[in-house]
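Only one structure is covered here, and it is reproduced in the block below.
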Amino acid sequence: MSNDITMKIDGIECVAAEGEYILNVARANNIFIPAICYLTRCSPTLACRICLVEADGKRVYSCNTKVKEGMEVTVTNQEILEERRAIMEVYDVNHPLQCGVCDQSGECELQNYTLEIGVDSQTYSIPDTKREAANWSSVLHYDPGLCIVCERCVTVCKDMIGDSALKTGPRGGEGINKDAKDTMPKDAYAMWNKLQKSVIVPSNGTGETNCSDCGECIAVCPVGALVSRDFVYQSNAWELKRVPATCAHCSSGCQIYYETKHTSIGDTSEKIYRVTNEWNYVSLCGAGRFGYDFENRAEGKNKEAFDKAVEALQKADSIRFNSVITNEEALMLQTLKEKFGTKLVNPDAFAFQKFLKAYSRSSGKTLYGSDFKEIMKSDFVISVGCALHNDNPNARYAFNNIQKMNKGAGLYFHPVADPLIASLGKSVECFTHKPGLEEAALYLVLDLFAKRERLPQDTIDYLDSFHSKITKTVQEKVMEDVTETVTDAKTGESKEVTKKVPKTIEKEIVVDENRLALLLGGKGDFAETFQDMMKKKERFSLIIGEDLYFHTKAENLAALVALIESSCDIEIVMVPPKTNSLGVALICDLDESAEGYCVGYNEKGDFRLSALGDGDLDMPAMNQQEGTLTNMNKRVLPTNAALEYNGYELNDMMVALEIGKHLTIDWTPMLAGKRGFKKANFDELPNGYTNSGVENRGYALENISTHAEAIQLQKFDESIALEGEIAYRCNPQRQFNDFSDKAHQIFEEYGLYASTAKAESLGGKVEVDFGSSKMIFEVISDDSIEGEIVRVPDFKSEKDIYTLFGEDRYKNVIIRKV
Amino acid sequence: MSLEEFKNRNVGQQTYKMVQSDPTPKTGKEQFEQVVRRAFKGELFVGLYVTLREMINALFRGEMHTIKYPFEKLPISPRYRAIHDMLRLLESGHYRCIGCGLCEKICISNCIKMDTRYDENQRKEVSEYTINFGRCIFCGYCAEVCPELAIVHGARYETASEQRASFSLFEDMLTPIDALKLQQEYDGFGAISPNADQNIKKTPLAY
Amino acid sequence: MEAAVLPEVTSAGVIIKAIIILAVIAAIAGFGTFIERKVLAFMQRRLGPMHVGPYGILQLVADGIKLFTKEDIVPQHSNKIIFKIAPVITAATAFIALASVPVFPDFTIPQWVPLLGGVFVPSIAADINIGILFVLGMMAAGLYGPLLAGMAQANKWGIIGSARTAIQFLSYEVVTGLSILAPIMLVGSLSLVDFNTYQTGGLTSWILWQQPVAFVLFLIAGFAETNRTPFDLLEHEAEIISGYATEYSGLRWGLFFIGEYANMVTVSILAAVVFMGGYNDLGFLPGWLMIILKIAFVFFFMLWVRASWPHIRPDQLMWLCWKVLMPIAVINVVITGLFMMV
């Protein structure tokens with residue numbers, strides 16, 4: 001932890017962490033410093049130069065100057081004002097006067113700052129360059145005419161998202177008049193010089209970005225240059241009503257606003273036009289940003305179907321559901337179980353619940369210790385069993401952000417190689433191990449990071465058994481002094497000259513060979529690499545993924561995680577498999593399998609309640625209901641209804657069964673009885689961020705201490721590692737569930753995802769034999785994976801993929817061409 | 001009367017002109033005198049003369065004031081705010097509306113709605129536009145706020161119709177393309193002021 | 001005072017005359033409404049009815065069609081029989097009064113006309129020797145029309161209207177009678193034909209010049225008798241909606257209307273015959289044209305006055321009648337008598 005220091009901005013005393021930027025300190029203290037190009041969680045770009053301030057008498061840029069004890073900052077003086085005005089004038093040079101049609105009008109930072117700085121006349125001029133609007137991908141629309149090249153999109157794509165799909169390219173604009181250098185304020189000149197030369201282009205050199213289509217660049221764009229293709233010229237910003245909500249696609253639970261307006265003149269029902277976020281504090285993925293129109297437009301209350309549903313719930317032996325439900329609904333289902341003894345079946349939450357239970361038995365806490373907010377401050381991150389690219393975008397953003405912002409290092413253990421992860425930072429080591437060897441990975445973490453004194457002796461012995469000293473011949477370059485006699489051709493004189501000449505010598509050294517690393521597919525020189533990676537590292541974190549919950553030896557893995565947490569200085573987070581798996585795992589007592597008459601809630605069943613509009617009774621989708629969600633940061637977050645819903649909801653059935661409440665949100669304070677939840681009324685839950693970036697949303701779950709048993713570790717079993725044709729249950733990016741699939745801007749198809757090479761060898765269509773049953777898939781080539789393992793998505797509940805895979809995420813299959 | 005005087009509501013402070021009427025007669029004699037005076041003053045004949053004169057003027061000197069509406073119509077003041085007109089660009093014939101939505105925003109009775117879309121020419125196209133004339137109070141804000149001088153209040157005051165919808169769609173308000181020659185600039189609400197040129201600062205266009 | 005020998009008046013001639021009077025006067029009453037609207041419009045610099053027929057001349061046809069086709073409404077609590085009879089009284093008395101008034105010069109139907117050829121049509125349907133008395137009597141009887149109508153219709157405006165009818169008509173009967181008494185004394189006959197004969201000596205022989213005061217009084221009283229502005233208190237819209245005619249509509253109201261205009265014509269004829277030289281030739285102008293011109297002028301004068309002058313109050317009306325007009329009329333009679341004795 002860095003020490004707090006005291007400094008003054010415009011005479012106001014501010015307390016800040018040492019090493020913080022002036023701009024962030026000012027923002028945290030509600031002092032306004034104009035800034036266009038800076039993004040709070042990303043590195044300073046220094047493109048706009050408008051955040052100029054005077055610190056201790058010197059002109060500095062507040063976005064990249066760190067505060068010092070006793071520093072005195074003046075935000076404005078005459079000179080700075082002139083500079084800022086010149087900068088804004090330059091930004092306004094040739095900026096199209098099309099605010100009338102521009103999508104950003106009303107929330108445009110160029111408009112805002114032009115007015116704020118008071119630019120009412122223009123001093124500069126230059127011939128304009130013709131720039132054509134282009135579509136970069138299925139969702140991105142870029143109009144370079146409007147672009148002010150602040151590079152926020154480039155910065156966020158690199159520092160936050162990790163795709164690095166954008167860069168600045170040549171603009172082909174005319175050079176600035178040479179006289180300008182002497183007549184203009186110098187920062188404005190420098191800014192203009194750069195602006196006149198550059199424009200944003202996809203970094204792969206083609207006209208199209210090859211990225212995860214998260215749309216974060218759209219969010220951060222201060223002007224109307226980057227807009228979603230679907231939203232171009234659809235609505236003015238001020239016509240849209242912002243409904244604060246929580247994204248319900250994955251367990252990140254990102255803060256979002258659903259922005260709604262009537263559909264058209266003819267159709268006055270509300271429609272979601274777009275999703276926006278507080279992009280300074282939270283980054284969305286493509287599903288969150290574009291997968292919003294999954295609402296269930298129920299025609300009305302179907303009393304007949306409702307009566308049948310109530311009857312079905314009464315007689316049901318089991319209820320199948322998934323984790324895309326609110327905590328309140330989970331509590332209702334649990335109440336049903338308590339009253340009627342119905343079995344609750346939810347495979348993803350069940351596995352996670354089991355894992356959490358095993359973890360808390362060993363650790364003495366109900367929940368893992370850290371959250372993603374915290375681990376983003378670390379500088380060494382390890383990921384085990386999590387397909388970072390696909391399972392949870394925010395986990396991947398965190399992993400990337402640590403590399404970029406904290407000059408961090410990372411270890412990525414996963415059986416499916418992902419070239420993107422390797423590219424996130426220089427010191428990222430990827431271990432592409434065999435499926436089933438996750439225990440070995442955790443043992444390796446123990447071996448690398450554990451304080452030996454905190455480990456039980458048998459574990460130390462076990463770890464040591466993997467080490468062996470081997471003698472290795474290495475080639476080393478040394479500088480050797482060579483003395484030679486040189487004869488001058490003219491004079492004939494001889495002279496002795498001494499030169500340093502590099503020479504390669506062979507040297508025998510004793511190396512510590514770690515068999516664990518090798519087993520996991522590590523390179524032979526891992527020990528050295530690791531030495532480099534560990535330099536100047538202070539905080540360590542570990543991301544635990546879904547592979548571990550769906551694992552034959554999940555309990556042993558949980559114990560290992562608990563041991564890592566207690567014996568190493570590593571902060572641990574777990575990624576719940578689905579949206580509200582954590583909430584469901586804490587609230588419901590789940591059963592392993594369904595039996596008898598089964599009611600399915602968004603899942604298969606004899607009677608189907610469905611928010612997808614295809615069931616026996618309609619239910620509200622996540623954007624149509626109020627409630628809370630528990631995310632992976634262990635927070636209980638409120639979400640609001642953005643759209644109207646005319647049908648019945650679960651609480652109505654509970655009322656019919658005489659165990660209901662007046663409103664669904666009346667269940668929110670009832671959660672208090674469950675592990676870690678608080679007695680809080682829904683309407684009192686906040687949903688926002690403070691200026692300093694403090695997440696003021698909902699409330700944090702309490703991590704309750706429980707009785708800890710002695711950790712009983714098992715040695716890992718190399719034999720459970722899978723060989724041969726392997727299928728991996730994993731969704732493509734931007735797809736999480738039926739709801740993301742229903743959204744019209746999510747284009748990822750259902751099919752068998754395979755690496756480019758594998759897809760080529762498989763051909764167009766294949767039959768996958770899971771042993772118990774066979775399925776036919778279209779093969780989809782995916783360049784974000786490498787290797788032989790194919791991925792089977794589980795986002796379509798009707799395919800019942802969980803049953804196929806059982807308690808594992810990897811499965812030996814036979815693939816036949818069809 | 002100047003505006004200041006007009007706005008002075010201190011009744012009694014103004015310099016009213018009192019009508020000088022005869023004192024009320026009290027005695028019978030006075031009453032008799034008044035009757036005689038009034039009877040022979042000839043005011044009745046003045047009245048007859050006035051009406052006869054007006055009739056003669058009207059019939060023979062062209063002072064007839066009747067306008068044979070609906071065959072004849074008086075010109076409407078530009079300040080009159082009737083049913084809206086949507087104007088076209090004179091050069092291209094394309095409608096002027098760019099779909100900026102300012103009229104929709106400023107409308108105090110919330111009666112304007114528009115749908116826009118991204119068209120094939122990469123422009124913002126107004127796919128539908130409607131004014132709910134059941135709600136419109138004809139305040140003229142929409143005409144005033146319009147940056148393109150596209151929506152104006154026309155002179156169409158005959159707004160009786162079987163349905164209000166007969167006026168409220170974009171096509172109804174838009175100048176018919178064959179009547180483009182007849183389209184006139186509007187100088188009422190929202191028109192640019194005559195000295196608009198003097199009020200703007202000019203930006204250098206050095207190339 | 002026998003005039004030239006006239007052919008014998010046959011009953012066929014009288015019937016023809018009666019039909020002519022009824023048809024022509026009723027038409028004139030209708031036409032009068034058109035003229036009134038036109039004149040009032042011109043005096044207010046308007047055009048008046050313009051659209052039905054040339055210059056709106058067929059407006060009266062349109063109005064007639066409207067009146068004839070309107071629903072006949074009889075109020076629920078009215079005295080239905082009297083309510084229905086009252087308009088007929090007004091119209092009937094108005095036309096009966098015209099029986100003893102010379103309306104057109106006499107003529108003989110040409111021989112070539114089948115059936116009626118050679119029939120002599122007199123100028124007066126009934127040349128009774130008390131013509132003036134009969135006319136005044138019938139006009140006085142016309143009072144029952146508005147009176148009964150107002151009282152029968154169970155409407156407070158009607159009641160007020162009929163009350164006003166009673167006082168106004170009764171009061172001004174006195175003035176009419178007294179004012180016309182002086183000319184009667186001069187002529188020495190109650191027959192209107194005798195009045196006409198009395199004034200054969202050209203413009204100067206008009207009784208108007210001998211009896212100007214009587215003429216003015218007769219005109220004023222005539223306005224009151226015919227319920228014209230400034231004495232149209234019986235159905236003064238601003239005060240009592242439509243007075244005695246409040247509940248009437250359609251044809252029944254049309255009968256009141258025709259009656260009123262017939263009365264106006266009667267008064268105009270009386271004024272023309274008694275004071276303005278009757279149907280005597282004037283220079284080169286033939287008598288029938290003169291009488292028409294005179295009647296038309298008096299009729300026009302009534303409209304002119306309506307366009308120019310305001311109403312007066314009921315109390316002013318009574319005051320004018322009893323305190324001003326009647327004394328003057330009496331004095332006029334006395335002075336006339338004195339002159340005749342001298």
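Going through the structure tokens in order, the chains are called A, B, and so on, while each chain numbers its residues from 1 and the ligands are numbered from 1 in the order shown.
Of the residues in region 271-318 of chain A, those that DSSP places in strand (DSSP E or B) on the basis of the backbone are A:Lys271, A:Ile272, A:Tyr273, A:Arg274, A:Val275, A:Thr276, A:Ser318.
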Can you list, as a ChimeraX atom specification, all residues belonging to region 26-171 of chain B that DSSP tags as helix (DSSP H, G or I)? /B:28-40,43-60,102-106,141-145,165-168,170-171
Find the residues near region 405-419 of chain A: any atom within 7 Å, counting only C-alpha atoms, skip ones fewer than 2 places away on the same chain, and give them as number ranges by chain. A: 42-43, 159, 379-387, 401-403, 421-423, 427-435, 441, 533, 784-787, 789
Could you give me, as a Markdown table, a per-residue list for chain B showing, wherever an atom lies at most 12 Å from an atom of chain A, the closest pair of atoms and their distance in Å to one decimal, using only C-alpha atoms and sorting by chain then residue number from low to high?
| residue | atom | partner | partner_atom | distance |
| --- | --- | --- | --- | --- |
| B:Cys97 | CA | A:Gly100 | CA | 9.9 |
| B:Ile98 | CA | A:Val101 | CA | 6.5 |
| B:Gly99 | CA | A:Val101 | CA | 6.3 |
| B:Cys100 | CA | A:Gly100 | CA | 4.4 |
| B:Gly101 | CA | A:Asn236 | CA | 6.9 |
| B:Leu102 | CA | A:Gly100 | CA | 8.1 |
| B:Cys103 | CA | A:Gly100 | CA | 11.2 |
| B:Glu104 | CA | A:Glu239 | CA | 8.8 |
| B:Lys105 | CA | A:Glu239 | CA | 7.6 |
| B:Ile106 | CA | A:Glu239 | CA | 11.3 |
| B:Asn110 | CA | A:Glu239 | CA | 11.7 |
| B:Cys111 | CA | A:Ile265 | CA | 11.0 |
| B:Ile112 | CA | A:Ile265 | CA | 9.6 |
| B:Lys113 | CA | A:Ile265 | CA | 6.4 |
| B:Met114 | CA | A:Ile265 | CA | 6.6 |
| B:Asp115 | CA | A:Ser264 | CA | 6.0 |
| B:Thr116 | CA | A:Gln234 | CA | 5.4 |
| B:Arg117 | CA | A:Tyr233 | CA | 5.2 |
| B:Tyr118 | CA | A:Tyr233 | CA | 5.4 |
| B:Asp119 | CA | A:Tyr233 | CA | 8.9 |
| B:Asn121 | CA | A:Ala133 | CA | 11.1 |
| B:Gln122 | CA | A:Ala133 | CA | 8.3 |
| B:Arg123 | CA | A:Tyr233 | CA | 8.3 |
| B:Lys124 | CA | A:Tyr233 | CA | 5.7 |
| B:Glu125 | CA | A:Tyr233 | CA | 8.0 |
| B:Val126 | CA | A:Tyr233 | CA | 9.4 |
| B:Ser127 | CA | A:Ser264 | CA | 9.9 |
| B:Glu128 | CA | A:Ile265 | CA | 7.3 |
| B:Tyr129 | CA | A:Ile265 | CA | 7.7 |
| B:Thr130 | CA | A:Ile265 | CA | 7.6 |
| B:Ile131 | CA | A:Ile265 | CA | 10.1 |
| B:Asn132 | CA | A:Ile265 | CA | 10.7 |
| B:Val145 | CA | A:Gly100 | CA | 11.4 |
| B:Cys146 | CA | A:Gly100 | CA | 9.7 |
| B:Pro147 | CA | A:Gly100 | CA | 8.0 |
| B:Glu148 | CA | A:Gly100 | CA | 9.3 |
| B:Ser168 | CA | A:Ile265 | CA | 11.7 |
| B:Leu169 | CA | A:Ile265 | CA | 10.5 |
| B:Phe170 | CA | A:Ile265 | CA | 11.8 |
| B:Asn199 | CA | A:Asp120 | CA | 11.9 |
| B:Ile200 | CA | A:Ser121 | CA | 9.1 |
| B:Lys201 | CA | A:Ser121 | CA | 6.2 |
| B:Lys202 | CA | A:Ser121 | CA | 7.3 |
| B:Thr203 | CA | A:Gln122 | CA | 5.3 |
| B:Pro204 | CA | A:Ser125 | CA | 6.2 |
| B:Leu205 | CA | A:Ser125 | CA | 6.1 |
| B:Ala206 | CA | A:Ser125 | CA | 6.3 |
| B:Tyr207 | CA | A:Pro127 | CA | 6.3 |
Name all residues at most 7 Å from region 235-240 of chain C (count only C-alpha atoms; drop same-chain ones fewer than 5 positions away) and give them as a PDB file with N, CA and C atoms, in the first residue's frame.
ATOM      1  N   TRP C 157     -89.731  34.507 -21.443  1.00  0.00           N
ATOM      2  CA  TRP C 157     -89.446  35.557 -22.436  1.00  0.00           C
ATOM      3  C   TRP C 157     -90.711  35.861 -23.225  1.00  0.00           C
ATOM      4  N   GLY C 161     -92.611  39.315 -23.552  1.00  0.00           N
ATOM      5  CA  GLY C 161     -92.879  39.792 -24.908  1.00  0.00           C
ATOM      6  C   GLY C 161     -94.335  40.168 -25.079  1.00  0.00           C
ATOM      7  N   ALA C 245     -91.950  35.408 -29.825  1.00  0.00           N
ATOM      8  CA  ALA C 245     -91.671  34.382 -30.841  1.00  0.00           C
ATOM      9  C   ALA C 245     -90.603  33.388 -30.386  1.00  0.00           C
TER      10      ALA C 245
END
Taking only residues of region 102-147 of chain B that have an atom at most 7 Å from an atom of region 173-197 of chain B, what is each one's shortest atom pair and its distance in Å to one decimal, using only C-alpha atoms, in chain and number order, as CSV?
residue,atom,partner,partner_atom,distance
B:Gly140,CA,B:Phe189,CA,6.2
B:Ala143,CA,B:Gly190,CA,5.0
B:Glu144,CA,B:Gly190,CA,3.4
B:Val145,CA,B:Gly190,CA,6.6
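By chain and then residue number, the residues within 8 Å of region 79-92 of chain C are Val74, Pro75, Phe95, Ile96, Gly142, Leu143, Tyr144, Gly145, Pro146, Leu148, Ala149, Ala152, Gln153, Ala154, Arg252, Trp253, Leu255, Phe256, Ile258, Gly259, Glu260 and Ala262 of chain C, counting only C-alpha atoms and disregarding those fewer than 3 positions away in sequence.
Of the listed residues C:Gln44, C:Ser162, C:Ser268, C:Gln199, the one whose atoms come nearest to chain B is C:Gln44, with distances taken using only C-alpha atoms.
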Counting only C-alpha atoms, collect the residues of chain C whose closest atom lies at most 7 Å from chain B, and write them out as JSON, numbers by chain. {"C": [42, 43, 44, 45, 46, 47, 304, 305, 307, 308, 309]}
If we count only C-alpha atoms and set the cut-off at 8 Å, which residues sit around Gly277 (chain C), ignoring sequence neighbours fewer than 5 positions away in its own chain? Please answer as a ChimeraX atom specification. /C:196,199-200,202-203,205-207,272
Using only C-alpha atoms, which protein or nucleic acid residues come within 6 Å of Ile124 (chain C)? Drop anything in the same chain fewer than 6 positions from it, and give the result as JSON, numbers by chain. {"C": [100, 101, 102]}
Let's have the selection written as a PDB file, in the first residue's frame, with all heavy atoms.
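Generated file (again20.pdb):
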ATOM      1  N   SER C 100    -109.210  46.903 -47.373  1.00  0.00           N
ATOM      2  CA  SER C 100    -109.806  48.217 -47.629  1.00  0.00           C
ATOM      3  C   SER C 100    -108.755  49.260 -47.990  1.00  0.00           C
ATOM      4  O   SER C 100    -108.957  50.450 -47.835  1.00  0.00           O
ATOM      5  CB  SER C 100    -110.598  48.674 -46.402  1.00  0.00           C
ATOM      6  OG  SER C 100    -109.705  48.753 -45.320  1.00  0.00           O
ATOM      7  N   VAL C 101    -107.609  48.777 -48.420  1.00  0.00           N
ATOM      8  CA  VAL C 101    -106.549  49.700 -48.813  1.00  0.00           C
ATOM      9  C   VAL C 101    -106.365  49.585 -50.319  1.00  0.00           C
ATOM     10  O   VAL C 101    -106.327  48.490 -50.863  1.00  0.00           O
ATOM     11  CB  VAL C 101    -105.231  49.344 -48.091  1.00  0.00           C
ATOM     12  CG1 VAL C 101    -104.078  50.192 -48.607  1.00  0.00           C
ATOM     13  CG2 VAL C 101    -105.400  49.499 -46.612  1.00  0.00           C
ATOM     14  N   PRO C 102    -106.291  50.703 -51.033  1.00  0.00           N
ATOM     15  CA  PRO C 102    -106.032  50.605 -52.459  1.00  0.00           C
ATOM     16  C   PRO C 102    -104.596  50.187 -52.719  1.00  0.00           C
ATOM     17  O   PRO C 102    -103.664  50.900 -52.354  1.00  0.00           O
ATOM     18  CB  PRO C 102    -106.295  52.038 -52.965  1.00  0.00           C
ATOM     19  CG  PRO C 102    -106.073  52.895 -51.785  1.00  0.00           C
ATOM     20  CD  PRO C 102    -106.370  52.094 -50.563  1.00  0.00           C
TER      21      PRO C 102
END
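Atom pair CA of Leu333 (chain A) / CA of Lys308 (chain A): separated by 17.3 Å.
If you look at CA of Met574 (chain A) and CA of Ile544 (chain A), they are 4.5 Å away from each other.
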